[in-house]
file upload.txt (compact mmCIF, C-alpha atoms)
# COMPACT_ATOMS: atom_id res chain seq x y z
CA MET A 965 44.08 -45.37 66.93
CA ALA A 966 47.38 -43.42 66.90
CA LYS A 967 50.03 -44.46 69.34
CA GLU A 968 51.36 -41.51 71.31
CA MET A 969 55.04 -40.91 70.80
CA GLY A 970 57.48 -41.15 73.65
CA GLN A 971 60.87 -39.80 74.63
CA LEU A 972 63.97 -39.79 72.43
CA ASN A 973 66.70 -42.25 73.34
CA GLU A 974 69.01 -39.31 73.87
CA GLU A 975 68.16 -35.67 74.54
CA LYS A 976 68.82 -33.30 71.63
CA VAL A 977 70.08 -29.78 72.33
CA PHE A 978 70.24 -26.60 70.27
CA LYS A 979 72.86 -24.05 71.29
CA ASP A 980 71.05 -20.76 71.71
CA PRO A 981 72.48 -17.27 72.39
CA VAL A 982 69.50 -16.27 74.56
CA HIS A 983 68.69 -19.41 76.59
CA ARG A 984 72.13 -21.06 76.28
CA TYR A 985 70.56 -24.44 75.42
CA ILE A 986 67.20 -25.54 74.09
CA HIS A 987 66.41 -29.08 75.27
CA VAL A 988 64.34 -31.54 73.22
CA ARG A 989 63.43 -34.82 74.89
CA ASP A 990 60.17 -35.68 73.10
CA GLU A 991 60.09 -37.48 69.78
CA LEU A 992 57.02 -35.47 68.70
CA ILE A 993 58.81 -32.12 69.13
CA TRP A 994 61.92 -33.41 67.37
CA ARG A 995 59.85 -34.57 64.40
CA LEU A 996 57.91 -31.28 64.22
CA ILE A 997 61.17 -29.33 64.08
CA GLY A 998 62.21 -31.46 61.10
CA THR A 999 59.09 -30.75 59.03
CA ARG A 1000 59.26 -28.76 55.82
CA GLU A 1001 56.88 -26.10 57.13
CA PHE A 1002 58.86 -25.53 60.34
CA GLN A 1003 62.21 -25.42 58.53
CA ARG A 1004 60.75 -22.71 56.26
CA LEU A 1005 60.77 -20.40 59.30
CA ARG A 1006 64.58 -20.27 59.01
CA ARG A 1007 64.02 -18.20 55.87
CA ILE A 1008 61.73 -15.64 57.49
CA ARG A 1009 63.21 -12.98 59.75
CA GLN A 1010 61.62 -12.42 63.12
CA LEU A 1011 61.76 -8.64 62.75
CA GLY A 1012 61.07 -8.09 59.05
CA THR A 1013 62.83 -4.92 57.84
CA THR A 1014 64.44 -4.07 61.21
CA TYR A 1015 67.82 -5.36 59.96
CA LEU A 1016 68.01 -2.17 57.86
CA THR A 1017 68.08 -0.15 61.11
CA PHE A 1018 69.77 -2.57 63.55
CA HIS A 1019 72.13 -4.63 61.40
CA GLY A 1020 72.25 -7.52 63.88
CA ALA A 1021 68.52 -8.20 63.59
CA GLU A 1022 68.93 -11.11 61.20
CA HIS A 1023 67.40 -13.72 63.53
CA SER A 1024 64.60 -15.90 62.23
CA ARG A 1025 61.13 -17.00 63.28
CA PHE A 1026 62.69 -20.47 63.55
CA SER A 1027 64.96 -19.45 66.43
CA HIS A 1028 62.16 -17.49 68.13
CA SER A 1029 59.82 -20.50 67.89
CA LEU A 1030 62.43 -22.73 69.52
CA GLY A 1031 62.83 -20.10 72.24
CA VAL A 1032 59.09 -20.00 72.98
CA TYR A 1033 59.10 -23.79 73.17
CA GLU A 1034 62.04 -23.70 75.63
CA ILE A 1035 60.45 -21.11 77.94
CA THR A 1036 57.20 -23.12 77.91
CA ARG A 1037 59.12 -26.30 78.72
CA ARG A 1038 60.66 -24.54 81.71
CA ILE A 1039 57.28 -23.20 82.88
CA ILE A 1040 55.95 -26.77 82.80
CA GLU A 1041 58.84 -27.86 85.04
CA VAL A 1042 57.82 -25.17 87.55
CA PHE A 1043 54.15 -26.25 87.34
CA HIS A 1044 54.89 -29.97 87.74
CA ASN A 1045 52.90 -31.58 90.59
CA ARG A 1046 51.14 -28.32 91.48
CA PRO A 1047 47.34 -27.98 91.76
CA HIS A 1048 45.49 -26.86 88.57
CA TRP A 1049 48.24 -28.15 86.27
CA ASN A 1050 47.21 -31.19 84.23
CA GLU A 1051 50.32 -33.13 83.16
CA GLU A 1052 48.29 -34.64 80.29
CA GLU A 1053 48.33 -31.21 78.59
CA ARG A 1054 52.13 -31.15 78.45
CA MET A 1055 52.60 -32.27 74.84
CA LEU A 1056 49.74 -30.06 73.69
CA VAL A 1057 51.16 -26.86 75.15
CA LEU A 1058 54.71 -27.68 73.98
CA SER A 1059 53.47 -28.30 70.42
CA ALA A 1060 51.41 -25.09 70.42
CA ALA A 1061 54.40 -23.11 71.73
CA LEU A 1062 56.65 -24.48 68.99
CA LEU A 1063 54.12 -23.97 66.18
CA HIS A 1064 52.49 -20.68 67.22
CA ASP A 1065 54.18 -18.74 64.37
CA ILE A 1066 54.12 -21.48 61.72
CA GLY A 1067 51.79 -19.49 59.42
CA HIS A 1068 53.86 -16.29 59.18
CA GLY A 1069 54.75 -15.13 55.71
CA PRO A 1070 57.79 -13.18 54.48
CA PHE A 1071 58.01 -9.63 55.90
CA SER A 1072 54.79 -10.55 57.65
CA HIS A 1073 52.98 -7.32 58.36
CA SER A 1074 53.53 -5.48 55.05
CA PHE A 1075 52.83 -8.67 53.13
CA GLU A 1076 49.57 -9.30 55.00
CA LYS A 1077 48.28 -5.75 54.55
CA VAL A 1078 48.93 -5.59 50.81
CA PHE A 1079 47.50 -8.99 49.96
CA GLY A 1080 44.73 -9.09 52.57
CA VAL A 1081 45.92 -12.35 54.10
CA ASP A 1082 46.17 -13.27 57.77
CA HIS A 1083 48.99 -15.46 59.09
CA GLU A 1084 46.57 -16.94 61.64
CA ASP A 1085 44.50 -18.44 58.80
CA TYR A 1086 47.64 -20.03 57.39
CA THR A 1087 48.71 -21.28 60.81
CA ARG A 1088 45.39 -23.11 60.99
CA ALA A 1089 45.72 -24.38 57.40
CA ILE A 1090 49.23 -25.75 58.07
CA LEU A 1091 48.10 -27.46 61.29
CA LEU A 1092 44.98 -29.01 59.78
CA GLY A 1093 45.82 -29.35 56.06
CA ASP A 1094 47.79 -31.73 53.91
CA THR A 1095 51.19 -30.91 55.43
CA GLU A 1096 54.10 -32.64 57.13
CA VAL A 1097 53.22 -30.80 60.36
CA ASN A 1098 49.70 -32.25 60.32
CA GLU A 1099 51.05 -35.73 59.57
CA VAL A 1100 53.38 -35.58 62.61
CA LEU A 1101 50.72 -34.10 64.93
CA ARG A 1102 48.28 -36.89 64.01
CA LEU A 1103 50.77 -39.44 65.33
CA GLN A 1104 49.80 -38.08 68.77
CA GLY A 1105 46.06 -38.59 68.11
CA SER A 1106 43.58 -37.86 65.32
CA ASP A 1107 42.14 -34.83 67.15
CA PHE A 1108 45.55 -33.52 68.28
CA PRO A 1109 46.09 -31.06 65.35
CA LYS A 1110 42.68 -29.49 66.09
CA LYS A 1111 43.55 -29.09 69.79
CA VAL A 1112 46.88 -27.41 68.92
CA ALA A 1113 45.00 -25.02 66.59
CA GLU A 1114 42.52 -24.21 69.38
CA VAL A 1115 45.32 -23.38 71.84
CA ILE A 1116 46.96 -21.03 69.31
CA GLU A 1117 43.58 -19.47 68.45
CA LYS A 1118 42.85 -19.01 72.19
CA THR A 1119 39.60 -21.04 71.99
CA TYR A 1120 40.85 -24.12 73.87
CA HIS A 1121 38.79 -24.93 76.99
CA ASP A 1122 41.78 -24.95 79.37
CA LYS A 1123 42.54 -21.27 80.00
CA LEU A 1124 45.78 -22.07 81.82
CA VAL A 1125 47.19 -23.80 78.72
CA VAL A 1126 46.19 -20.84 76.52
CA SER A 1127 47.67 -18.27 78.93
CA MET A 1128 51.10 -19.94 78.82
CA ILE A 1129 51.61 -18.93 75.19
CA SER A 1130 49.07 -16.12 74.83
CA SER A 1131 48.53 -13.53 77.56
CA GLN A 1132 50.18 -10.30 78.68
CA ILE A 1133 53.04 -12.28 80.21
CA ASP A 1134 53.56 -15.41 78.14
CA ALA A 1135 56.37 -17.50 76.68
CA ASP A 1136 55.98 -15.81 73.27
CA ARG A 1137 56.45 -12.26 74.55
CA MET A 1138 59.19 -13.19 76.98
CA ASP A 1139 61.24 -14.84 74.23
CA TYR A 1140 60.81 -12.16 71.59
CA LEU A 1141 61.72 -9.32 74.00
CA LEU A 1142 64.94 -11.03 75.11
CA ARG A 1143 65.81 -12.30 71.62
CA ASP A 1144 65.07 -9.04 69.83
CA ALA A 1145 67.03 -7.05 72.42
CA TYR A 1146 69.99 -9.43 72.03
CA PHE A 1147 70.08 -9.28 68.23
CA THR A 1148 69.43 -5.55 67.92
CA GLY A 1149 72.13 -4.91 70.52
CA VAL A 1150 69.91 -2.75 72.76
CA SER A 1151 69.56 -3.12 76.51
CA TYR A 1152 65.86 -2.10 76.81
CA GLY A 1153 64.37 -5.57 76.34
CA ASN A 1154 66.23 -7.27 79.16
CA PHE A 1155 64.44 -8.46 82.29
CA ASP A 1156 64.93 -11.24 84.83
CA LEU A 1157 63.40 -14.25 83.08
CA GLU A 1158 64.70 -16.69 85.71
CA ARG A 1159 62.95 -14.79 88.48
CA ILE A 1160 59.64 -14.59 86.61
CA LEU A 1161 59.68 -18.33 85.85
CA ARG A 1162 60.44 -19.16 89.47
CA VAL A 1163 57.45 -17.18 90.76
CA MET A 1164 54.89 -18.35 88.16
CA ARG A 1165 52.08 -20.51 89.51
CA PRO A 1166 49.27 -22.38 87.76
CA MET A 1167 45.66 -21.37 88.49
CA GLU A 1168 42.43 -22.45 86.85
CA ASP A 1169 42.04 -19.28 84.75
CA GLY A 1170 45.69 -18.84 83.84
CA ALA A 1171 49.19 -18.51 85.21
CA VAL A 1172 49.66 -16.03 88.06
CA ILE A 1173 52.78 -14.47 89.58
CA LYS A 1174 53.63 -14.65 93.26
CA ALA A 1175 53.43 -11.12 94.70
CA SER A 1176 57.09 -11.36 95.75
CA GLY A 1177 57.99 -11.32 92.05
CA MET A 1178 56.09 -8.11 91.26
CA HIS A 1179 59.21 -6.01 90.62
CA ALA A 1180 60.49 -8.49 88.03
CA VAL A 1181 57.13 -8.19 86.23
CA GLU A 1182 57.25 -4.38 86.36
CA ASP A 1183 60.68 -4.59 84.76
CA TYR A 1184 59.31 -6.90 82.05
CA ILE A 1185 56.43 -4.51 81.23
CA MET A 1186 58.72 -1.49 81.04
CA SER A 1187 61.08 -3.50 78.81
CA ARG A 1188 58.22 -4.20 76.47
CA TYR A 1189 57.19 -0.53 76.46
CA GLN A 1190 60.73 0.60 75.62
CA MET A 1191 61.23 -2.05 72.92
CA TYR A 1192 58.11 -0.96 71.06
CA TRP A 1193 59.17 2.68 70.81
CA GLN A 1194 62.92 2.25 70.48
CA VAL A 1195 62.99 -0.83 68.20
CA TYR A 1196 59.66 -2.08 66.81
CA PHE A 1197 58.36 1.39 65.85
CA HIS A 1198 61.73 2.90 64.95
CA PRO A 1199 61.00 5.44 62.18
CA VAL A 1200 63.80 4.14 59.92
CA THR A 1201 62.41 0.60 60.14
CA ARG A 1202 58.94 2.01 59.38
CA SER A 1203 60.39 3.78 56.33
CA ALA A 1204 61.68 0.44 55.01
CA GLU A 1205 58.25 -1.12 55.71
CA VAL A 1206 56.58 1.72 53.79
CA ILE A 1207 58.80 1.17 50.74
CA LEU A 1208 58.35 -2.60 50.92
CA SER A 1209 54.56 -2.29 50.93
CA LYS A 1210 54.71 0.21 48.03
CA ILE A 1211 56.83 -2.25 45.98
CA LEU A 1212 54.19 -4.93 46.48
CA HIS A 1213 51.35 -2.48 45.75
CA ARG A 1214 53.06 -1.27 42.57
CA ALA A 1215 53.76 -4.79 41.29
CA LYS A 1216 50.16 -5.81 42.05
CA ASP A 1217 48.75 -2.67 40.36
CA LEU A 1218 50.89 -3.28 37.25
CA TYR A 1219 49.81 -6.91 37.08
CA GLN A 1220 46.14 -5.94 37.32
CA GLU A 1221 46.60 -3.29 34.61
CA GLY A 1222 47.91 -6.00 32.25
CA TYR A 1223 51.56 -4.87 32.33
CA THR A 1224 53.94 -7.48 30.89
CA PHE A 1225 56.73 -8.32 33.32
CA LYS A 1226 60.06 -9.39 31.82
CA GLN A 1227 60.28 -12.36 34.16
CA ASN A 1228 57.51 -14.86 34.84
CA LEU A 1229 55.80 -14.09 38.18
CA THR A 1230 55.64 -17.73 39.26
CA HIS A 1231 55.52 -17.03 43.00
CA PHE A 1232 53.32 -13.94 42.88
CA ARG A 1233 50.62 -14.80 40.34
CA SER A 1234 48.17 -16.44 42.74
CA LEU A 1235 48.76 -13.61 45.26
CA PHE A 1236 48.00 -10.95 42.67
CA GLU A 1237 44.87 -12.84 41.65
CA GLY A 1238 43.73 -13.19 45.26
CA GLU A 1239 43.61 -17.00 45.11
CA ILE A 1240 46.71 -18.05 47.00
CA THR A 1241 46.87 -21.74 47.79
CA LEU A 1242 48.55 -23.19 50.87
CA GLU A 1243 51.26 -24.74 48.68
CA ASP A 1244 52.03 -21.36 47.04
CA TYR A 1245 52.11 -19.70 50.45
CA ILE A 1246 54.56 -22.24 51.88
CA LYS A 1247 56.90 -21.66 48.89
CA LEU A 1248 57.16 -17.97 49.72
CA ASP A 1249 59.99 -16.78 51.91
CA GLU A 1250 62.13 -13.65 52.13
CA GLY A 1251 64.81 -15.01 49.81
CA VAL A 1252 62.19 -15.56 47.09
CA MET A 1253 60.79 -12.05 47.54
CA GLN A 1254 64.20 -10.40 47.41
CA TYR A 1255 65.02 -12.35 44.25
CA TYR A 1256 62.03 -10.67 42.59
CA PHE A 1257 63.09 -7.26 43.90
CA GLN A 1258 66.47 -7.84 42.24
CA ILE A 1259 64.99 -8.76 38.86
CA TRP A 1260 62.47 -5.90 39.03
CA LEU A 1261 65.46 -3.52 38.97
CA GLU A 1262 65.51 -4.29 35.23
CA GLU A 1263 61.81 -3.56 34.64
CA GLU A 1264 60.59 -0.84 32.25
CA ASP A 1265 58.35 0.65 34.93
CA GLY A 1266 60.29 3.50 36.58
CA ILE A 1267 58.36 3.49 39.86
CA LEU A 1268 58.78 -0.25 40.50
CA ARG A 1269 62.45 -0.01 39.54
CA ASP A 1270 63.07 2.95 41.85
CA LEU A 1271 61.25 1.45 44.85
CA CYS A 1272 63.17 -1.84 44.53
CA ARG A 1273 66.48 0.04 44.32
CA ARG A 1274 65.56 2.01 47.45
CA PHE A 1275 64.75 -1.13 49.40
CA LEU A 1276 67.76 -3.18 48.29
CA ASP A 1277 70.29 -0.31 48.60
CA ARG A 1278 68.70 1.21 51.72
CA LYS A 1279 67.88 4.55 50.08
CA LEU A 1280 64.90 5.08 52.34
CA PHE A 1281 62.29 7.81 52.57
CA LYS A 1282 62.83 10.66 55.01
CA TYR A 1283 60.14 11.48 57.53
CA SER A 1284 58.64 14.41 59.38
CA GLU A 1285 56.03 14.72 62.09
CA MET A 1286 52.48 14.62 60.80
CA VAL A 1287 51.00 17.85 59.39
CA SER A 1288 47.29 18.66 59.01
CA VAL A 1289 45.15 16.78 56.50
CA SER A 1290 44.75 19.94 54.38
CA GLU A 1291 48.56 20.30 54.26
CA VAL A 1292 48.93 16.65 53.22
CA LEU A 1293 46.44 17.23 50.38
CA LYS A 1294 48.38 20.32 49.26
CA LEU A 1295 51.64 18.37 49.42
CA SER A 1296 50.08 15.58 47.39
CA SER A 1297 49.02 17.95 44.61
CA TYR A 1298 52.44 19.67 44.58
CA LEU A 1299 54.22 16.32 44.22
CA GLU A 1300 51.89 15.36 41.40
CA GLU A 1301 52.65 18.68 39.68
CA ALA A 1302 56.36 17.84 40.01
CA GLY A 1303 55.82 14.43 38.37
CA ILE A 1304 56.21 12.43 41.60
CA ASP A 1305 53.28 10.03 42.10
CA PRO A 1306 51.98 10.65 45.68
CA LYS A 1307 50.28 7.24 45.70
CA TYR A 1308 53.73 5.65 46.03
CA TYR A 1309 55.84 8.53 47.34
CA LEU A 1310 53.82 10.20 50.09
CA VAL A 1311 52.77 8.00 52.99
CA ILE A 1312 51.18 8.62 56.38
CA ASP A 1313 52.31 5.89 58.77
CA SER A 1314 50.84 5.36 62.23
CA SER A 1315 52.26 3.32 65.13
CA SER A 1316 50.24 2.48 68.21
CA ASP A 1317 50.84 0.39 71.31
CA LEU A 1318 49.04 -0.39 74.55
CA PRO A 1319 51.83 -1.51 76.93
CA TYR A 1320 49.53 -3.08 79.52
CA ASP A 1321 45.79 -3.25 80.05
CA PHE A 1322 43.58 -4.60 82.77
CA TYR A 1323 40.69 -6.91 81.91
CA ARG A 1324 37.84 -5.25 80.01
CA PRO A 1325 35.19 -7.90 79.33
CA GLY A 1326 33.38 -7.72 76.02
CA GLU A 1327 36.06 -5.70 74.23
CA LYS A 1328 37.07 -6.82 70.73
CA GLU A 1329 40.51 -7.86 71.95
CA GLU A 1330 40.10 -9.02 75.51
CA ARG A 1331 43.44 -8.96 77.29
CA LEU A 1332 44.06 -11.43 80.05
CA PRO A 1333 45.40 -9.34 82.94
CA ILE A 1334 48.53 -10.24 84.88
CA ASN A 1335 47.42 -11.42 88.30
CA LEU A 1336 49.49 -11.48 91.48
CA LEU A 1337 49.10 -14.22 94.07
CA LYS A 1338 49.47 -12.73 97.56
CA ALA A 1339 50.82 -14.62 100.57
CA ASN A 1340 47.29 -14.96 102.01
CA GLY A 1341 46.06 -16.67 98.82
CA GLU A 1342 44.26 -13.57 97.47
CA VAL A 1343 44.63 -12.87 93.73
CA ARG A 1344 45.02 -9.20 92.73
CA GLU A 1345 45.31 -7.65 89.26
CA LEU A 1346 48.80 -6.18 88.76
CA SER A 1347 47.91 -2.51 88.21
CA ARG A 1348 46.01 -2.51 91.53
CA GLU A 1349 49.27 -3.32 93.35
CA SER A 1350 51.93 -1.63 91.22
CA ASP A 1351 52.14 2.18 90.93
CA VAL A 1352 54.53 1.80 87.99
CA VAL A 1353 52.12 -0.37 86.00
CA GLU A 1354 49.08 1.69 87.01
CA ALA A 1355 50.76 4.77 85.49
CA ILE A 1356 50.81 3.21 81.99
CA SER A 1357 47.85 0.83 82.27
CA GLY A 1358 45.17 1.26 79.61
CA LYS A 1359 47.05 4.19 78.01
CA ARG A 1360 47.48 3.75 74.27
CA ARG A 1361 50.37 5.69 72.77
CA THR A 1362 50.10 6.61 69.10
CA ASP A 1363 52.54 8.25 66.72
CA HIS A 1364 51.93 9.52 63.15
CA LYS A 1365 54.68 10.28 60.67
CA LEU A 1366 54.80 11.47 57.07
CA TYR A 1367 57.25 9.70 54.73
CA TYR A 1368 58.55 11.22 51.48
CA PRO A 1369 61.50 10.94 49.03
CA ALA A 1370 63.78 13.87 49.97
CA ASP A 1371 66.17 13.08 47.09
CA LEU A 1372 63.43 13.39 44.42
CA ILE A 1373 62.16 16.62 45.96
CA GLU A 1374 65.71 18.06 45.75
CA LYS A 1375 65.74 17.29 42.00
CA ILE A 1376 62.57 19.30 41.24
CA ASP A 1377 63.49 21.97 38.66
CA ASP A 1378 60.70 24.42 39.54
CA SER A 1379 62.26 26.29 42.49
CA GLN A 1380 58.93 27.82 43.60
CA LEU A 1381 57.25 24.43 43.68
CA LYS A 1382 60.18 22.92 45.57
CA LYS A 1383 60.03 25.77 48.09
CA LYS A 1384 56.29 25.19 48.71
CA ILE A 1385 56.85 21.46 49.30
CA LYS A 1386 59.75 22.06 51.70
CA HIS A 1387 57.78 24.72 53.58
CA ILE A 1388 55.02 22.19 54.42
CA LEU A 1389 57.51 19.47 55.37
CA LYS A 1390 59.30 21.88 57.73
CA LYS A 1391 56.06 22.29 59.70
CA GLY A 1392 56.11 18.60 60.60

call {"tool": "encode", "arguments": {"input": "upload.txt", "output": "structure tokens"}}
result
Amino acid sequence: MAKEMGQLNEEKVFKDPVHRYIHVRDELIWRLIGTREFQRLRRIRQLGTTYLTFHGAEHSRFSHSLGVYEITRRIIEVFHNRPHWNEEERMLVLSAALLHDIGHGPFSHSFEKVFGVDHEDYTRAILLGDTEVNEVLRLQGSDFPKKVAEVIEKTYHDKLVVSMISSQIDADRMDYLLRDAYFTGVSYGNFDLERILRVMRPMEDGAVIKASGMHAVEDYIMSRYQMYWQVYFHPVTRSAEVILSKILHRAKDLYQEGYTFKQNLTHFRSLFEGEITLEDYIKLDEGVMQYYFQIWLEEEDGILRDLCRRFLDRKLFKYSEMVSVSEVLKLSSYLEEAGIDPKYYLVIDSSSDLPYDFYRPGEKEERLPINLLKANGEVRELSRESDVVEAISGKRRTDHKLYYPADLIEKIDDSQLKKKIKHILKKG
């Protein structure tokens, strides 16, 4: 039977721009940070292509993961010796907080869409497979890796433990809002973390917030709302995402058509064949992908070459508001007539966010509501008490944009054709 690990002889600290210091006192956490799979997160940006819009957004999933761990550690300090909190779950929730993003790939969302992979599957594979992370987790107990996976997958029996890293007000969201606001240089994502932590209380079904802290929670929800529309869904960032996904689509299409690449596709072959192994996945990071984009600048294929140049040199697509489907079809045929392939150069992109929702049992994605604990011991769902939150609760906001290469359209020789294309784009 595995012997549970104890405390380090001396506390380790990481200097952090958001939390000032991140404190590590447990040998298990220290060893997990040192694993190959966790160190890989240094080479994956937290915000994908956002650095092309907000140049400071170079922070990694590594620093975010440490931040989620630190907030969770502080929540545990608040919960200590309170009813409903089981101190035996401490190492479990700290490990889950640290490892919740371990399965993310490079430029996560574009990458996942193109290759049909899900980072959650790889998180599970890293936790339970033949990895350094699994080896370290098993030192805590043979069933410990499985428990960590269950917490991250939200299937663990203790709802309080799950809610600490996965709910509408959890350590994950609180860290990424503060961290992303800091590194993008915007003020929208800021809220009073100290206050929220001080008024959090453990309950059987999840953490609740003392009613006296309601205004701090309102601020947090509005911060999240603003960050989504001002940063996460910024149209320039979306343009970079569009080009990135088209590069990957084009390379995959060429591979499947039997095109001969000048350079061996060592890191992409299993992806293009749809048989990616865990080892291949772990080898992929953003540096590797950008290396391929550099060498594809020399390829014979004009489309792949052009898309890579656009991404690397930030020559992004322009955008307009969405026009009707019939207009998009017309636009598509005009571009084709002009020798511009609409499959790669005309893209409808949609962004959608639900800033806060109350509990709707049975829905595909059940959202744990934020509950307030009143002075008389009554628990009330947040939107029932807050006019601010009620105003946006359950309201999904969606935005559709049309992306196109303005520079190529300008170069069209046929002036009538160019005029027709521009006329449709002006309607957007």

call {"tool": "atom_distance", "arguments": {"input": "upload.txt", "atom1": "atom CA of His987 of chain A", "atom2": "atom CA of Arg1037 of chain A"}}
result
8.5 Å

call {"tool": "residues_around", "arguments": {"input": "upload.txt", "residues": "Leu1299 of chain A", "least_positions_apart": "3", "cutoff": "12 Å", "atoms": "only C-alpha atoms", "output": "VMD selection string"}}
result
chain A and resid 1292 to 1296 1302 to 1310 1368 to 1370 1372 to 1376 1378 1381 to 1386 1388

call {"tool": "residues_around", "arguments": {"input": "upload.txt", "residues": "Ile1039 of chain A", "least_positions_apart": "5", "cutoff": "9 Å", "atoms": "only C-alpha atoms", "output": "NGL selection string"}}
result
:A and (1034 or 1044 or 1128 or 1135 or 1161-1162 or 1164-1165)

call {"tool": "atom_distance", "arguments": {"input": "upload.txt", "atom1": "atom CA of Gly1341 of chain A", "atom2": "atom CA of Pro1166 of chain A"}}
result
12.9 Å

call {"tool": "closest_residue", "arguments": {"input": "upload.txt", "among": "A:Ile1008, A:Ile1246, A:Leu992, A:Val1150", "to": "Ser1072 of chain A", "atoms": "all atoms listed in the file"}}
result
A:Ile1008

call {"tool": "residues_around", "arguments": {"input": "upload.txt", "residues": "Phe1018 of chain A", "least_positions_apart": "4", "cutoff": "10 Å", "atoms": "only C-alpha atoms", "output": "list in words"}}
result
Thr1013, Thr1014, Glu1022, Phe1147, Thr1148, Gly1149, Val1150, Val1195, His1198, Val1200 and Thr1201 of chain A

call {"tool": "write_last_selection", "arguments": {"input": "upload.txt", "atoms": "C-alpha atoms", "output": "short mmCIF file (atom, residue, chain, number, x, y, z; two decimals), in the coordinates of the input"}}
result
data_model
loop_
_atom_site.label_atom_id
_atom_site.label_comp_id
_atom_site.auth_asym_id
_atom_site.auth_seq_id
_atom_site.Cartn_x
_atom_site.Cartn_y
_atom_site.Cartn_z
CA THR A 1013 62.83 -4.92 57.84
CA THR A 1014 64.44 -4.07 61.21
CA GLU A 1022 68.93 -11.11 61.20
CA PHE A 1147 70.08 -9.28 68.23
CA THR A 1148 69.43 -5.55 67.92
CA GLY A 1149 72.13 -4.91 70.52
CA VAL A 1150 69.91 -2.75 72.76
CA VAL A 1195 62.99 -0.83 68.20
CA HIS A 1198 61.73 2.90 64.95
CA VAL A 1200 63.80 4.14 59.92
CA THR A 1201 62.41 0.60 60.14
#

call {"tool": "atom_distance", "arguments": {"input": "upload.txt", "atom1": "atom CA of Asp1321 of chain A", "atom2": "atom CA of Ser1357 of chain A"}}
result
5.1 Å

call {"tool": "residues_around", "arguments": {"input": "upload.txt", "residues": "Lys979 of chain A", "least_positions_apart": "5", "cutoff": "12 Å", "atoms": "all atoms listed in the file", "output": "list in words"}}
result
Arg984, Tyr985, Ile986, His987, Val988, Ser1027, Leu1030, Gly1031 and Glu1034 of chain A

call {"tool": "write_last_selection", "arguments": {"input": "upload.txt", "atoms": "C-alpha atoms", "output": "tab-separated table (two decimals), in the frame of the given file"}}
result
chain	number	residue	atom	x	y	z
A	984	ARG	CA	72.13	-21.06	76.28
A	985	TYR	CA	70.56	-24.44	75.42
A	986	ILE	CA	67.20	-25.54	74.09
A	987	HIS	CA	66.41	-29.08	75.27
A	988	VAL	CA	64.34	-31.54	73.22
A	1027	SER	CA	64.96	-19.45	66.43
A	1030	LEU	CA	62.43	-22.73	69.52
A	1031	GLY	CA	62.83	-20.10	72.24
A	1034	GLU	CA	62.04	-23.70	75.63

call {"tool": "closest_residue", "arguments": {"input": "upload.txt", "among": "A:Met1055, A:Leu1124, A:Ile1312, A:Ala1171", "to": "Val1287 of chain A", "atoms": "all atoms listed in the file"}}
result
A:Ile1312

call {"tool": "closest_residue", "arguments": {"input": "upload.txt", "among": "A:Val1181, A:Ala1215, A:Leu1016, A:Pro981", "to": "Ala1145 of chain A", "atoms": "all atoms listed in the file"}}
result
A:Pro981

call {"tool": "closest_residue", "arguments": {"input": "upload.txt", "among": "A:Leu1063, A:Ile1267, A:Val1057, A:Leu1276", "to": "Tyr1120 of chain A", "atoms": "only C-alpha atoms"}}
result
A:Val1057

call {"tool": "closest_residue", "arguments": {"input": "upload.txt", "among": "A:Thr1230, A:Arg1274, A:Pro1319, A:Gly1105", "to": "Ser1187 of chain A", "atoms": "all atoms listed in the file"}}
result
A:Pro1319

call {"tool": "residues_around", "arguments": {"input": "upload.txt", "residues": "Val1125 of chain A", "least_positions_apart": "5", "cutoff": "10 Å", "atoms": "only C-alpha atoms", "output": "list in words"}}
result
Trp1049, Asn1050, Glu1053, Arg1054, Leu1056, Val1057, Leu1058, Ala1060, Val1115, Ile1116, Lys1118, Tyr1120, Ser1130, Pro1166, Glu1168, Asp1169, Gly1170 and Ala1171 of chain A

call {"tool": "residues_near_point", "arguments": {"input": "upload.txt", "point": "(58.3, 11.9, 54.9)", "cutoff": "10 Å", "atoms": "only C-alpha atoms", "output": "PyMOL selection string"}}
result
chain A and resi 1203+1280-1286+1309-1313+1365-1370+1389+1392

call {"tool": "closest_residue", "arguments": {"input": "upload.txt", "among": "A:Ala1113, A:Tyr1140, A:Met1253, A:His1179", "to": "Val1353 of chain A", "atoms": "all atoms listed in the file"}}
result
A:His1179

call {"tool": "residues_near_point", "arguments": {"input": "upload.txt", "point": "(46.3, -31.5, 66.6)", "cutoff": "10 Å", "atoms": "only C-alpha atoms", "output": "VMD selection string"}}
result
chain A and resid 1056 1059 to 1060 1091 to 1092 1097 to 1115
